[in-house]
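*Asks:* For reference, the structure I am asking about is given below.
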Amino acid sequence: MAGGILKFFLPKDRVFYTLFENAGANLETISKKLVLVVNESDYNKRAHLIKEMEELEHKNDLVTHEIFVELGKNFITPFDREDIHSLASALDDIADYIYAAAKKINFYKIDPTSDSGIQKTADQIEMAVLAVNQAVRELRNLKNTQKIVECVIKINSIENTADEIFDMSIERLFDSDVDAKELIKKREIYQTMETVTDKCEDAGNVIESIVVKYA
């Protein structure tokens, strides 16, 4: 009887791994779309890509909602409920800010192909998201903790590089002869993109916390 009850509960906690893996894979796709956006000079082609990114962002919202619903339903969870909530929120934030960055590029009618800061940061975002996704996939068994730690270190390193690119981009922007409106627009795009790497670091910190507690 006790074994039957245990069997009823245990498979349920596995759903969180699948949902997190879905979110991670989704983030990888949306980050690749951002790279395509910043390397596309045609406004309409960018608009098409941004529309696809909007759908991916909505898809991620649904996954996040599903995680929260499962959290409310399930008595047994694979790790702390607080960590599940924090990781779901961090992954959702990454998608939100990636989409926001792409949207601002067309909203402000900025040509990203003429701005190396925007392009370099998009590359850093893609690398950070790839590392986040790799770390998320390793959560299912927690056997390869070394790989997770390496991913977290990589995310932190990428975030530092993105900070440096941000500082150099701002310095270059203020040294240029662009008008005030253009300056404000570009600065906002830089800040939104840099925030993506901050959110990746947040996700990495939660994953590292899970490893410390359970590995």
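Convention: chains lettered A, B, ... in structure tokens order; per-chain residue numbering from 1; ligands numbered from 1 as shown.
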Which residues, written as JSON, numbers by chain, have at least one atom at most 8 Å from Thr64 (chain A), with only C-alpha atoms counted and residues fewer than 6 positions away on the same chain left out?
*Replies:* {"A": [23, 88, 89, 92]}
*Asks:* From region 47-197 of chain A, collect each residue whose DSSP state is alpha helix (DSSP H) and return the set as number ranges by chain.
*Replies:* A: 47-73, 81-107, 116-138, 145-175, 180-197
*Asks:* Between CA of Thr192 (chain A) and CA of Ser169 (chain A), what distance in Å does the model show, to one decimal?
*Replies:*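 We find that CA of Thr192 (chain A) and CA of Ser169 (chain A) lie 13.1 Å from each other.
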*Asks:* May I have the residues within 7 Å of region 115-125 of chain A as a list in words, using only C-alpha atoms and disregarding those fewer than 4 positions away in the same chain?
*Replies:*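 Result of the neighbour search: Ser31, Leu34, Val35, Val38, Val129, Ile158, Ala162, Ile165, Ser169, Tyr190, Met193, Val196 and Thr197 of chain A.
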*Asks:* Write out as an MDAnalysis selection string the residues lying within 12 Å of Val149 (chain A), counting only C-alpha atoms and excluding same-chain residues fewer than 3 positions away.
*Replies:* chainID A and resid 131:132 134:136 138:139 142:146 152:156 204:212 215
*Asks:* Can you tell me how far CA of Gln191 (chain A) sits from CA of Phe166 (chain A), in Å to one decimal?
*Replies:*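 So the two atoms, CA of Gln191 (chain A) and CA of Phe166 (chain A), lie 7.5 Å apart.
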*Asks:* Residues within 12 Å of Ala47 (chain A), please, as a count of residues only. Count only C-alpha atoms; anything in the same chain fewer than 3 positions from it doesn't count.
*Replies:* 23
*Asks:* Skipping near chain neighbours, those fewer than 4 positions away, what residues fall within 8 Å of region 180-186 of chain A using only C-alpha atoms, listed as a list in words?
*Replies:* Tyr108, Ile110, Leu173, Phe174 and Tyr190 of chain A
*Asks:* Can you spit out the residues from that selection as a PDB file, in the first residue's frame, using N, CA and C atoms?
*Replies:*
```pdb
ATOM      1  N   TYR A 108      12.488  51.816 -32.163  1.00  0.00           N
ATOM      2  CA  TYR A 108      13.287  53.042 -32.253  1.00  0.00           C
ATOM      3  C   TYR A 108      13.908  53.243 -33.634  1.00  0.00           C
ATOM      4  N   ILE A 110      16.305  51.646 -35.162  1.00  0.00           N
ATOM      5  CA  ILE A 110      17.763  51.599 -35.121  1.00  0.00           C
ATOM      6  C   ILE A 110      18.250  50.516 -36.076  1.00  0.00           C
ATOM      7  N   LEU A 173      29.331  55.956 -27.518  1.00  0.00           N
ATOM      8  CA  LEU A 173      28.099  56.676 -27.836  1.00  0.00           C
ATOM      9  C   LEU A 173      28.199  58.141 -27.416  1.00  0.00           C
ATOM     10  N   PHE A 174      28.726  58.379 -26.219  1.00  0.00           N
ATOM     11  CA  PHE A 174      28.836  59.752 -25.723  1.00  0.00           C
ATOM     12  C   PHE A 174      29.944  60.537 -26.417  1.00  0.00           C
ATOM     13  N   TYR A 190      21.122  49.162 -25.269  1.00  0.00           N
ATOM     14  CA  TYR A 190      22.292  48.583 -24.602  1.00  0.00           C
ATOM     15  C   TYR A 190      21.925  48.052 -23.216  1.00  0.00           C
TER      16      TYR A 190
END
```
*Asks:* Which residue out of A:Lys59, A:Arg172, A:His65, A:Lys199 has the minimum interatomic distance to Ala90 (chain A) when only C-alpha atoms are used?
*Replies:* A:Lys199
*Asks:* Can you measure CA of Asn160 (chain A) to CA of Leu130 (chain A) for me? One decimal in Å is fine.
*Replies:*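 Taking CA of Asn160 (chain A) and CA of Leu130 (chain A), their separation equals 16.2 Å.
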*Asks:* Just checking: using only C-alpha atoms, which residue out of A:Asn133, A:Ala100, A:Ala95, A:His85 ends up closest to Gly24 (chain A)?
*Replies:* A:Asn133
*Asks:* Have a look at A:Thr18, A:Asp96, A:Asp177, A:Lys213 and name the one nearest to Asp83 (chain A); count only C-alpha atoms.
*Replies:*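 Among the listed residues, the smallest separation from Asp83 (chain A) belongs to A:Lys213.
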*Asks:* Give the answer as one residue: which of A:Ile170, A:Ile148, A:Leu27, A:Ile76 has the shortest atom-to-atom distance to Leu91 (chain A), using only C-alpha atoms?
*Replies:*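 Looking at the shortest contact to Leu91 (chain A), the residue is A:Leu27.
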